[in-house]
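Shown next: input08.txt, given as compact mmCIF, N, CA and C atoms.
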# COMPACT_ATOMS: atom_id res chain seq x y z
N GLN A 1 0.84 -1.19 0.00
CA GLN A 1 0.00 0.00 0.00
C GLN A 1 0.88 1.24 0.00
N VAL A 2 0.51 2.23 -0.81
CA VAL A 2 1.25 3.48 -0.92
C VAL A 2 0.30 4.63 -0.62
N ARG A 3 0.77 5.60 0.14
CA ARG A 3 -0.03 6.80 0.39
C ARG A 3 0.71 7.99 -0.19
N LEU A 4 -0.01 8.80 -0.96
CA LEU A 4 0.56 9.96 -1.63
C LEU A 4 -0.22 11.20 -1.22
N VAL A 5 0.51 12.24 -0.80
CA VAL A 5 -0.14 13.48 -0.38
C VAL A 5 0.54 14.65 -1.09
N GLU A 6 -0.20 15.32 -1.97
CA GLU A 6 0.33 16.45 -2.71
C GLU A 6 0.14 17.75 -1.94
N SER A 7 1.04 18.70 -2.22
CA SER A 7 0.93 20.05 -1.65
C SER A 7 1.68 21.01 -2.55
N GLY A 8 1.52 22.30 -2.28
CA GLY A 8 2.28 23.31 -3.00
C GLY A 8 1.52 24.05 -4.09
N GLY A 9 0.29 23.66 -4.32
CA GLY A 9 -0.49 24.36 -5.34
C GLY A 9 -0.86 25.76 -4.88
N GLY A 10 -1.41 26.54 -5.80
CA GLY A 10 -1.83 27.89 -5.46
C GLY A 10 -2.22 28.66 -6.69
N SER A 11 -2.45 29.94 -6.49
CA SER A 11 -2.81 30.84 -7.58
C SER A 11 -1.65 31.78 -7.88
N VAL A 12 -1.22 31.80 -9.13
CA VAL A 12 -0.09 32.63 -9.54
C VAL A 12 -0.42 33.33 -10.85
N GLN A 13 0.42 34.30 -11.19
CA GLN A 13 0.25 34.99 -12.46
C GLN A 13 1.11 34.32 -13.53
N PRO A 14 0.76 34.52 -14.79
CA PRO A 14 1.59 33.96 -15.88
C PRO A 14 3.05 34.39 -15.74
N GLY A 15 3.95 33.44 -15.97
CA GLY A 15 5.38 33.70 -15.86
C GLY A 15 5.98 33.37 -14.51
N GLU A 16 5.14 33.18 -13.52
CA GLU A 16 5.64 32.87 -12.18
C GLU A 16 5.91 31.36 -12.04
N SER A 17 6.40 31.00 -10.86
CA SER A 17 6.80 29.61 -10.61
C SER A 17 6.07 29.04 -9.40
N LEU A 18 5.98 27.72 -9.37
CA LEU A 18 5.48 26.97 -8.22
C LEU A 18 6.26 25.67 -8.13
N ARG A 19 6.38 25.15 -6.91
CA ARG A 19 6.95 23.82 -6.74
C ARG A 19 5.95 22.95 -5.99
N LEU A 20 5.54 21.89 -6.64
CA LEU A 20 4.64 20.93 -6.03
C LEU A 20 5.44 19.84 -5.34
N SER A 21 4.88 19.34 -4.24
CA SER A 21 5.50 18.24 -3.52
C SER A 21 4.49 17.10 -3.38
N CYS A 22 5.03 15.89 -3.35
CA CYS A 22 4.20 14.70 -3.14
C CYS A 22 4.91 13.85 -2.09
N ALA A 23 4.34 13.83 -0.89
CA ALA A 23 4.91 13.02 0.18
C ALA A 23 4.50 11.57 -0.01
N ILE A 24 5.49 10.68 0.02
CA ILE A 24 5.28 9.26 -0.25
C ILE A 24 5.48 8.46 1.02
N SER A 25 4.55 7.58 1.35
CA SER A 25 4.73 6.69 2.49
C SER A 25 4.25 5.30 2.12
N GLY A 26 4.88 4.29 2.76
CA GLY A 26 4.51 2.90 2.49
C GLY A 26 5.24 2.33 1.29
N ALA A 27 5.31 0.99 1.24
CA ALA A 27 5.80 0.22 0.09
C ALA A 27 6.97 0.86 -0.65
N PRO A 28 8.19 0.76 -0.12
CA PRO A 28 9.35 1.35 -0.79
C PRO A 28 9.54 0.88 -2.22
N TYR A 29 9.12 -0.35 -2.54
CA TYR A 29 9.31 -0.90 -3.88
C TYR A 29 8.35 -0.28 -4.89
N CYS A 30 7.44 0.58 -4.43
CA CYS A 30 6.50 1.25 -5.33
C CYS A 30 6.90 2.69 -5.60
N ARG A 31 8.18 3.03 -5.38
CA ARG A 31 8.61 4.41 -5.53
C ARG A 31 9.50 4.60 -6.75
N PHE A 32 9.60 3.59 -7.60
CA PHE A 32 10.53 3.70 -8.73
C PHE A 32 9.88 4.26 -9.98
N ASN A 33 8.57 4.21 -10.08
CA ASN A 33 7.85 4.72 -11.24
C ASN A 33 6.82 5.73 -10.74
N MET A 34 7.25 6.97 -10.69
CA MET A 34 6.43 8.05 -10.14
C MET A 34 6.17 9.09 -11.22
N SER A 35 5.00 9.69 -11.19
CA SER A 35 4.67 10.67 -12.22
C SER A 35 3.70 11.72 -11.70
N TRP A 36 3.61 12.79 -12.47
CA TRP A 36 2.64 13.86 -12.22
C TRP A 36 1.67 13.90 -13.39
N TRP A 37 0.40 14.16 -13.04
CA TRP A 37 -0.66 14.28 -14.03
C TRP A 37 -1.49 15.51 -13.66
N ARG A 38 -2.24 16.03 -14.62
CA ARG A 38 -3.12 17.16 -14.32
C ARG A 38 -4.45 16.97 -15.02
N GLN A 39 -5.45 17.59 -14.42
CA GLN A 39 -6.81 17.43 -14.94
C GLN A 39 -7.58 18.73 -14.78
N THR A 40 -8.34 19.09 -15.80
CA THR A 40 -9.24 20.24 -15.72
C THR A 40 -10.68 19.71 -15.81
N PRO A 41 -11.63 20.46 -15.29
CA PRO A 41 -13.02 19.99 -15.26
C PRO A 41 -13.52 19.57 -16.63
N GLY A 42 -14.12 18.39 -16.69
CA GLY A 42 -14.71 17.89 -17.92
C GLY A 42 -13.74 17.23 -18.87
N LYS A 43 -12.47 17.15 -18.48
CA LYS A 43 -11.46 16.56 -19.35
C LYS A 43 -10.78 15.40 -18.65
N GLU A 44 -10.12 14.57 -19.46
CA GLU A 44 -9.38 13.44 -18.90
C GLU A 44 -8.11 13.93 -18.21
N ARG A 45 -7.58 13.07 -17.35
CA ARG A 45 -6.33 13.38 -16.68
C ARG A 45 -5.18 13.22 -17.69
N ASP A 46 -4.33 14.23 -17.79
CA ASP A 46 -3.24 14.23 -18.76
C ASP A 46 -1.89 14.04 -18.10
N PHE A 47 -1.02 13.32 -18.78
CA PHE A 47 0.35 13.11 -18.31
C PHE A 47 1.13 14.42 -18.35
N VAL A 48 1.93 14.66 -17.31
CA VAL A 48 2.78 15.85 -17.25
C VAL A 48 4.25 15.46 -17.25
N ALA A 49 4.64 14.59 -16.30
CA ALA A 49 6.06 14.24 -16.18
C ALA A 49 6.19 12.91 -15.44
N ARG A 50 7.27 12.19 -15.74
CA ARG A 50 7.54 10.89 -15.11
C ARG A 50 8.99 10.78 -14.71
N LEU A 51 9.23 10.12 -13.59
CA LEU A 51 10.56 9.79 -13.12
C LEU A 51 10.59 8.28 -12.90
N LEU A 52 11.32 7.59 -13.77
CA LEU A 52 11.37 6.14 -13.73
C LEU A 52 12.82 5.70 -13.60
N ARG A 53 13.18 5.24 -12.41
CA ARG A 53 14.53 4.75 -12.14
C ARG A 53 15.59 5.73 -12.63
N GLY A 54 15.39 7.00 -12.35
CA GLY A 54 16.37 8.03 -12.70
C GLY A 54 16.18 8.65 -14.06
N THR A 55 15.32 8.11 -14.86
CA THR A 55 15.07 8.67 -16.20
C THR A 55 13.81 9.53 -16.18
N THR A 56 13.89 10.72 -16.76
CA THR A 56 12.75 11.62 -16.78
C THR A 56 12.09 11.66 -18.16
N GLU A 57 10.81 11.97 -18.13
CA GLU A 57 10.02 12.10 -19.37
C GLU A 57 9.00 13.20 -19.13
N TYR A 58 8.78 14.03 -20.16
CA TYR A 58 7.87 15.16 -20.02
C TYR A 58 6.89 15.24 -21.18
N ALA A 59 5.72 15.77 -20.89
CA ALA A 59 4.79 16.12 -21.96
C ALA A 59 5.40 17.26 -22.77
N GLU A 60 5.12 17.29 -24.06
CA GLU A 60 5.69 18.31 -24.93
C GLU A 60 5.35 19.72 -24.44
N SER A 61 4.17 19.88 -23.89
CA SER A 61 3.71 21.21 -23.50
C SER A 61 4.47 21.79 -22.30
N VAL A 62 5.20 20.94 -21.56
CA VAL A 62 5.90 21.44 -20.37
C VAL A 62 7.41 21.31 -20.48
N LYS A 63 7.91 20.72 -21.55
CA LYS A 63 9.36 20.54 -21.71
C LYS A 63 10.08 21.88 -21.65
N GLY A 64 11.18 21.91 -20.88
CA GLY A 64 11.95 23.14 -20.75
C GLY A 64 11.43 24.07 -19.67
N ARG A 65 10.24 23.80 -19.14
CA ARG A 65 9.66 24.66 -18.10
C ARG A 65 9.49 23.92 -16.78
N PHE A 66 9.16 22.63 -16.84
CA PHE A 66 8.91 21.83 -15.64
C PHE A 66 10.07 20.86 -15.42
N THR A 67 10.34 20.57 -14.15
CA THR A 67 11.36 19.61 -13.79
C THR A 67 10.84 18.70 -12.70
N ILE A 68 10.89 17.39 -12.94
CA ILE A 68 10.48 16.40 -11.93
C ILE A 68 11.74 15.91 -11.22
N SER A 69 11.64 15.74 -9.92
CA SER A 69 12.80 15.27 -9.15
C SER A 69 12.31 14.57 -7.88
N ARG A 70 13.27 13.99 -7.16
CA ARG A 70 12.92 13.27 -5.92
C ARG A 70 14.06 13.44 -4.94
N ASP A 71 13.75 13.51 -3.65
CA ASP A 71 14.82 13.61 -2.67
C ASP A 71 15.50 12.26 -2.50
N SER A 72 16.68 12.26 -1.89
CA SER A 72 17.51 11.05 -1.82
C SER A 72 16.83 9.89 -1.08
N PRO A 73 16.16 10.12 0.04
CA PRO A 73 15.49 8.99 0.68
C PRO A 73 14.26 8.52 -0.09
N GLN A 74 13.94 9.20 -1.20
CA GLN A 74 12.77 8.86 -2.02
C GLN A 74 11.46 8.99 -1.24
N ASN A 75 11.44 9.98 -0.34
CA ASN A 75 10.22 10.19 0.43
C ASN A 75 9.33 11.27 -0.15
N THR A 76 9.90 12.09 -1.04
CA THR A 76 9.14 13.19 -1.60
C THR A 76 9.44 13.33 -3.08
N LEU A 77 8.39 13.46 -3.86
CA LEU A 77 8.50 13.72 -5.29
C LEU A 77 8.17 15.19 -5.51
N TYR A 78 8.92 15.85 -6.40
CA TYR A 78 8.71 17.27 -6.65
C TYR A 78 8.37 17.52 -8.12
N LEU A 79 7.71 18.64 -8.34
CA LEU A 79 7.53 19.15 -9.69
C LEU A 79 7.76 20.66 -9.64
N GLN A 80 8.92 21.06 -10.15
CA GLN A 80 9.24 22.49 -10.25
C GLN A 80 8.63 23.01 -11.53
N MET A 81 7.78 24.01 -11.40
CA MET A 81 7.08 24.56 -12.57
C MET A 81 7.47 26.02 -12.74
N ASN A 82 8.15 26.32 -13.83
CA ASN A 82 8.57 27.68 -14.13
C ASN A 82 7.83 28.21 -15.35
N SER A 83 7.86 29.51 -15.50
CA SER A 83 7.22 30.16 -16.66
C SER A 83 5.80 29.64 -16.86
N LEU A 84 5.04 29.66 -15.81
CA LEU A 84 3.69 29.09 -15.87
C LEU A 84 2.80 29.87 -16.82
N LYS A 85 1.92 29.13 -17.47
CA LYS A 85 0.98 29.68 -18.45
C LYS A 85 -0.45 29.40 -17.99
N PRO A 86 -1.41 30.17 -18.45
CA PRO A 86 -2.81 29.90 -18.07
C PRO A 86 -3.24 28.47 -18.40
N GLU A 87 -2.71 27.92 -19.47
CA GLU A 87 -3.09 26.55 -19.85
C GLU A 87 -2.51 25.49 -18.92
N ASP A 88 -1.64 25.88 -18.00
CA ASP A 88 -1.14 24.95 -16.99
C ASP A 88 -2.12 24.80 -15.82
N THR A 89 -3.16 25.59 -15.81
CA THR A 89 -4.16 25.51 -14.75
C THR A 89 -4.79 24.13 -14.70
N GLY A 90 -4.97 23.62 -13.48
CA GLY A 90 -5.60 22.32 -13.31
C GLY A 90 -5.33 21.73 -11.94
N MET A 91 -5.92 20.59 -11.69
CA MET A 91 -5.63 19.83 -10.47
C MET A 91 -4.47 18.89 -10.80
N TYR A 92 -3.43 18.97 -10.02
CA TYR A 92 -2.24 18.16 -10.25
C TYR A 92 -2.21 16.98 -9.29
N TYR A 93 -1.99 15.81 -9.86
CA TYR A 93 -1.99 14.56 -9.10
C TYR A 93 -0.65 13.86 -9.20
N CYS A 94 -0.26 13.27 -8.10
CA CYS A 94 0.92 12.43 -8.03
C CYS A 94 0.46 10.98 -8.20
N LYS A 95 1.25 10.18 -8.92
CA LYS A 95 0.87 8.79 -9.19
C LYS A 95 2.06 7.87 -8.97
N SER A 96 1.79 6.73 -8.35
CA SER A 96 2.79 5.67 -8.20
C SER A 96 2.26 4.43 -8.89
N GLN A 97 3.12 3.81 -9.71
CA GLN A 97 2.69 2.61 -10.42
C GLN A 97 3.66 1.49 -10.13
N CYS A 98 3.14 0.37 -9.61
CA CYS A 98 4.00 -0.77 -9.34
C CYS A 98 3.20 -2.05 -9.54
N VAL A 99 3.83 -3.17 -9.28
CA VAL A 99 3.20 -4.47 -9.54
C VAL A 99 1.89 -4.60 -8.76
N GLU A 100 1.90 -4.07 -7.54
CA GLU A 100 0.71 -4.23 -6.68
C GLU A 100 -0.48 -3.42 -7.17
N GLY A 101 -0.20 -2.37 -7.92
CA GLY A 101 -1.30 -1.55 -8.40
C GLY A 101 -0.89 -0.13 -8.71
N THR A 102 -1.88 0.72 -8.94
CA THR A 102 -1.66 2.13 -9.23
C THR A 102 -2.27 2.96 -8.13
N TYR A 103 -1.50 3.93 -7.64
CA TYR A 103 -1.95 4.74 -6.52
C TYR A 103 -1.91 6.22 -6.91
N TRP A 104 -2.93 6.95 -6.46
CA TRP A 104 -3.04 8.38 -6.72
C TRP A 104 -3.16 9.16 -5.41
N GLY A 105 -2.66 10.38 -5.43
CA GLY A 105 -2.92 11.29 -4.32
C GLY A 105 -4.25 11.98 -4.53
N GLN A 106 -4.56 12.91 -3.61
CA GLN A 106 -5.85 13.60 -3.67
C GLN A 106 -5.81 14.82 -4.57
N GLY A 107 -4.61 15.26 -4.96
CA GLY A 107 -4.47 16.39 -5.88
C GLY A 107 -4.24 17.71 -5.19
N THR A 108 -3.62 18.63 -5.92
CA THR A 108 -3.43 20.00 -5.45
C THR A 108 -3.71 20.93 -6.62
N GLN A 109 -4.46 21.99 -6.36
CA GLN A 109 -4.94 22.87 -7.42
C GLN A 109 -3.91 23.93 -7.77
N VAL A 110 -3.69 24.09 -9.07
CA VAL A 110 -2.82 25.15 -9.60
C VAL A 110 -3.67 26.03 -10.52
N THR A 111 -3.66 27.32 -10.24
CA THR A 111 -4.40 28.26 -11.07
C THR A 111 -3.45 29.35 -11.55
N VAL A 112 -3.37 29.52 -12.86
CA VAL A 112 -2.50 30.53 -13.46
C VAL A 112 -3.40 31.53 -14.19
N SER A 113 -3.42 32.74 -13.67
CA SER A 113 -4.33 33.74 -14.22
C SER A 113 -3.81 35.14 -13.93
N SER A 114 -4.05 36.04 -14.86
CA SER A 114 -3.67 37.43 -14.64
C SER A 114 -4.84 38.21 -14.08
Would you mind writing the file out in structure tokens?
Amino acid sequence: QVRLVESGGGSVQPGESLRLSCAISGAPYCRFNMSWWRQTPGKERDFVARLLRGTTEYAESVKGRFTISRDSPQNTLYLQMNSLKPEDTGMYYCKSQCVEGTYWGQGTQVTVSS
């Protein structure tokens, strides 16, 4: 069992930055394939970034602006978001995927508006 708790969301203006955090607890073997997703009302949840055994992957829309990382004890997953745009607005979710199953956090809201 894995528990994921996101934090760090908020309301910012275009061009500003935010750093999201995802606190991870339980099942150490489920911390190797971690990702961030975002969702806006009425739409499906979209992939944002993945960290898989040290390798990163990003959606085209966030490449060069967002950075996914993890602390050394692998207790916290981060998403550094720079040069935010209004289209980055949404609920951001942390996800862990392992043999036992797929786990999601409750989400943290990011709003980018002038």
Margin query: So that I can check the surroundings of Leu52 of chain A, please list as a list of chain:residue names every protein, DNA and RNA residue that reaches within 6.5 Å of it, counting all atoms listed in the file and ignoring chain neighbours fewer than 3 positions away.
Written below: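 Everything that qualifies: A:Phe32, A:Asn33, A:Met34, A:Thr55, A:Thr56, A:Glu57.
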Margin query: Need to verify the contact set: Val48 of chain A, 12 Å, only C-alpha atoms, exclusion of same-chain residues closer than 3 positions in sequence. Can you return it as number ranges by chain?
Written below: A: 34-39, 45, 51, 56-63, 65-68, 79-81, 88, 90-95
Margin query: With distances taken over all atoms listed in the file, which residue among A:Arg70, A:Gly64, A:Trp104, A:Thr40 lies nearest Thr89 of chain A?
Written below: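 Nearest candidate to Thr89 of chain A out of A:Arg70, A:Gly64, A:Trp104, A:Thr40: A:Thr40.
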Notebook entry, point to check: Of the residues A:Thr102, A:Asn75, A:Ser83, A:Gln1, which is the one nearest to Leu18 of chain A, using only C-alpha atoms?
Noted result: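 Checking each of A:Thr102, A:Asn75, A:Ser83, A:Gln1 against Leu18 of chain A, counting only C-alpha atoms, the winner is A:Ser83.
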Next item on the list: Identify, on the basis of only N, CA and C atoms, every residue whose closest approach to Ser21 of chain A does not exceed 8 Å; exclude the query and any residue fewer than 2 positions from it along the same chain; express the result as number ranges by chain.
Entry: A: 4-9, 18-19, 23-24, 76-80, 94
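If you measure from each of A:Gln109, A:Asn82, A:Ser96, A:Tyr103 to Pro14 of chain A using only C-alpha atoms, the closest one turns out to be A:Asn82.
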Item checked: Closest of A:Gly26, A:Gly54, A:Pro73, A:Gly15 to Ser113 of chain A - atom-to-atom distances counting all atoms listed in the file ->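 Smallest distance to Ser113 of chain A is found for A:Gly15.
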Checklist line | strand (DSSP E) positions in chain A, given as a VMD selection string | finding: chain A and resid 3 to 7 10 to 12 18 to 25 33 to 39 46 to 52 55 to 58 66 to 70 76 to 81 90 to 98 101 to 104 108 to 112
Next item on the list: Take atom CA of Arg3 of chain A and atom CA of Glu44 of chain A and report the distance between them in Å, one decimal.
Entry: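 Straight-line distance from atom CA of Arg3 of chain A to atom CA of Glu44 of chain A works out to 22.4 Å.
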Margin query: Measuring between only C-alpha atoms, which one of A:Gly105, A:Val99, A:Arg31, A:Thr111 shows the shortest distance to Arg50 of chain A?
Written below: A:Arg31
Next item on the list: Run DSSP on the backbone of this structure and report the residues of chain A it assigns to helix (DSSP H, G or I), as a list of chain:residue names.
Entry: A:Pro28, A:Tyr29, A:Cys30, A:Glu60, A:Ser61, A:Val62, A:Pro86, A:Glu87, A:Asp88
Notebook entry, point to check: How many Å separate atom CA of Gly101 of chain A from atom CA of Asp71 of chain A?
Noted result: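 Result for atom CA of Gly101 of chain A versus atom CA of Asp71 of chain A: 22.9 Å, one decimal.
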Would you place a box with edges along x, y and z of the file around all atoms of segment 41-52 of chain A listed there, add 5 Å to each of its six sides, and report the centre and edge lengths in Å to one decimal, as lines of an AutoDock Vina configuration file?
center_x = -0.9
center_y = 13.1
center_z = -16.2
size_x = 37.5
size_y = 24.8
size_z = 16.6
Checklist line | Point-to-point distance in Å for atom CA of Gly10 of chain A and atom C of Val110 of chain A | finding: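 Separation between atom C of Val110 of chain A and atom CA of Gly10 of chain A: 5.7 Å.
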Using the partial input, fill out segment 41-52 of chain A with all heavy atoms; write the result as a CSV table (one decimal), keeping the file's coordinate frame.
chain,number,residue,atom,x,y,z
A,41,PRO,N,-11.6,20.5,-15.3
A,41,PRO,CA,-13.0,20.0,-15.3
A,41,PRO,C,-13.5,19.6,-16.6
A,41,PRO,O,-13.3,20.3,-17.6
A,41,PRO,CB,-13.8,21.2,-14.7
A,41,PRO,CG,-12.8,21.9,-13.9
A,41,PRO,CD,-11.5,21.8,-14.6
A,42,GLY,N,-14.1,18.4,-16.7
A,42,GLY,CA,-14.7,17.9,-17.9
A,42,GLY,C,-13.7,17.2,-18.9
A,42,GLY,O,-14.1,16.8,-19.9
A,43,LYS,N,-12.5,17.2,-18.5
A,43,LYS,CA,-11.5,16.6,-19.4
A,43,LYS,C,-10.8,15.4,-18.6
A,43,LYS,O,-10.8,15.3,-17.4
A,43,LYS,CB,-10.4,17.6,-19.8
A,43,LYS,CG,-11.0,18.7,-20.6
A,43,LYS,CD,-9.9,19.6,-21.1
A,43,LYS,CE,-10.4,20.7,-22.0
A,43,LYS,NZ,-9.4,21.6,-22.6
A,44,GLU,N,-10.1,14.6,-19.5
A,44,GLU,CA,-9.4,13.4,-18.9
A,44,GLU,C,-8.1,13.9,-18.2
A,44,GLU,O,-7.6,15.0,-18.5
A,44,GLU,CB,-9.0,12.4,-20.0
A,44,GLU,CG,-10.2,11.7,-20.6
A,44,GLU,CD,-9.8,10.6,-21.6
A,44,GLU,OE1,-8.6,10.5,-21.9
A,44,GLU,OE2,-10.7,9.9,-22.1
A,45,ARG,N,-7.6,13.1,-17.4
A,45,ARG,CA,-6.3,13.4,-16.7
A,45,ARG,C,-5.2,13.2,-17.7
A,45,ARG,O,-5.1,12.2,-18.3
A,45,ARG,CB,-6.2,12.4,-15.5
A,45,ARG,CG,-5.3,12.9,-14.4
A,45,ARG,CD,-5.4,12.1,-13.2
A,45,ARG,NE,-6.7,12.3,-12.5
A,45,ARG,CZ,-7.0,11.8,-11.3
A,45,ARG,NH1,-6.2,11.0,-10.7
A,45,ARG,NH2,-8.2,12.0,-10.8
A,46,ASP,N,-4.3,14.2,-17.8
A,46,ASP,CA,-3.2,14.2,-18.8
A,46,ASP,C,-1.9,14.0,-18.1
A,46,ASP,O,-1.6,14.6,-17.0
A,46,ASP,CB,-3.2,15.5,-19.6
A,46,ASP,CG,-4.4,15.7,-20.5
A,46,ASP,OD1,-4.9,14.7,-21.0
A,46,ASP,OD2,-4.8,16.9,-20.7
A,47,PHE,N,-1.0,13.3,-18.8
A,47,PHE,CA,0.4,13.1,-18.3
A,47,PHE,C,1.1,14.4,-18.4
A,47,PHE,O,1.0,15.2,-19.3
A,47,PHE,CB,1.0,12.1,-19.2
A,47,PHE,CG,2.5,12.0,-19.0
A,47,PHE,CD1,3.0,11.3,-17.9
A,47,PHE,CD2,3.4,12.5,-19.9
A,47,PHE,CE1,4.4,11.2,-17.7
A,47,PHE,CE2,4.7,12.4,-19.8
A,47,PHE,CZ,5.3,11.8,-18.7
A,48,VAL,N,1.9,14.7,-17.3
A,48,VAL,CA,2.8,15.8,-17.2
A,48,VAL,C,4.2,15.5,-17.2
A,48,VAL,O,5.0,15.9,-18.1
A,48,VAL,CB,2.5,16.7,-16.0
A,48,VAL,CG1,3.4,17.9,-15.9
A,48,VAL,CG2,1.0,17.2,-16.0
A,49,ALA,N,4.6,14.6,-16.3
A,49,ALA,CA,6.1,14.2,-16.2
A,49,ALA,C,6.2,12.9,-15.4
A,49,ALA,O,5.3,12.6,-14.6
A,49,ALA,CB,6.8,15.3,-15.4
A,50,ARG,N,7.3,12.2,-15.7
A,50,ARG,CA,7.5,10.9,-15.1
A,50,ARG,C,9.0,10.8,-14.7
A,50,ARG,O,9.9,11.3,-15.4
A,50,ARG,CB,7.2,9.8,-16.1
A,50,ARG,CG,7.6,8.4,-15.5
A,50,ARG,CD,7.2,7.3,-16.5
A,50,ARG,NE,5.7,7.1,-16.6
A,50,ARG,CZ,5.0,7.4,-17.7
A,50,ARG,NH1,5.6,7.9,-18.8
A,50,ARG,NH2,3.7,7.3,-17.7
A,51,LEU,N,9.2,10.1,-13.6
A,51,LEU,CA,10.6,9.8,-13.1
A,51,LEU,C,10.6,8.3,-12.9
A,51,LEU,O,9.9,7.8,-12.0
A,51,LEU,CB,10.9,10.5,-11.8
A,51,LEU,CG,12.3,10.3,-11.2
A,51,LEU,CD1,13.4,10.6,-12.2
A,51,LEU,CD2,12.4,11.1,-9.9
A,52,LEU,N,11.3,7.6,-13.8
A,52,LEU,CA,11.4,6.1,-13.7
A,52,LEU,C,12.8,5.7,-13.6
A,52,LEU,O,13.6,5.8,-14.6
A,52,LEU,CB,10.7,5.6,-15.0
A,52,LEU,CG,10.8,4.0,-15.2
A,52,LEU,CD1,10.2,3.3,-14.0
A,52,LEU,CD2,10.2,3.7,-16.5
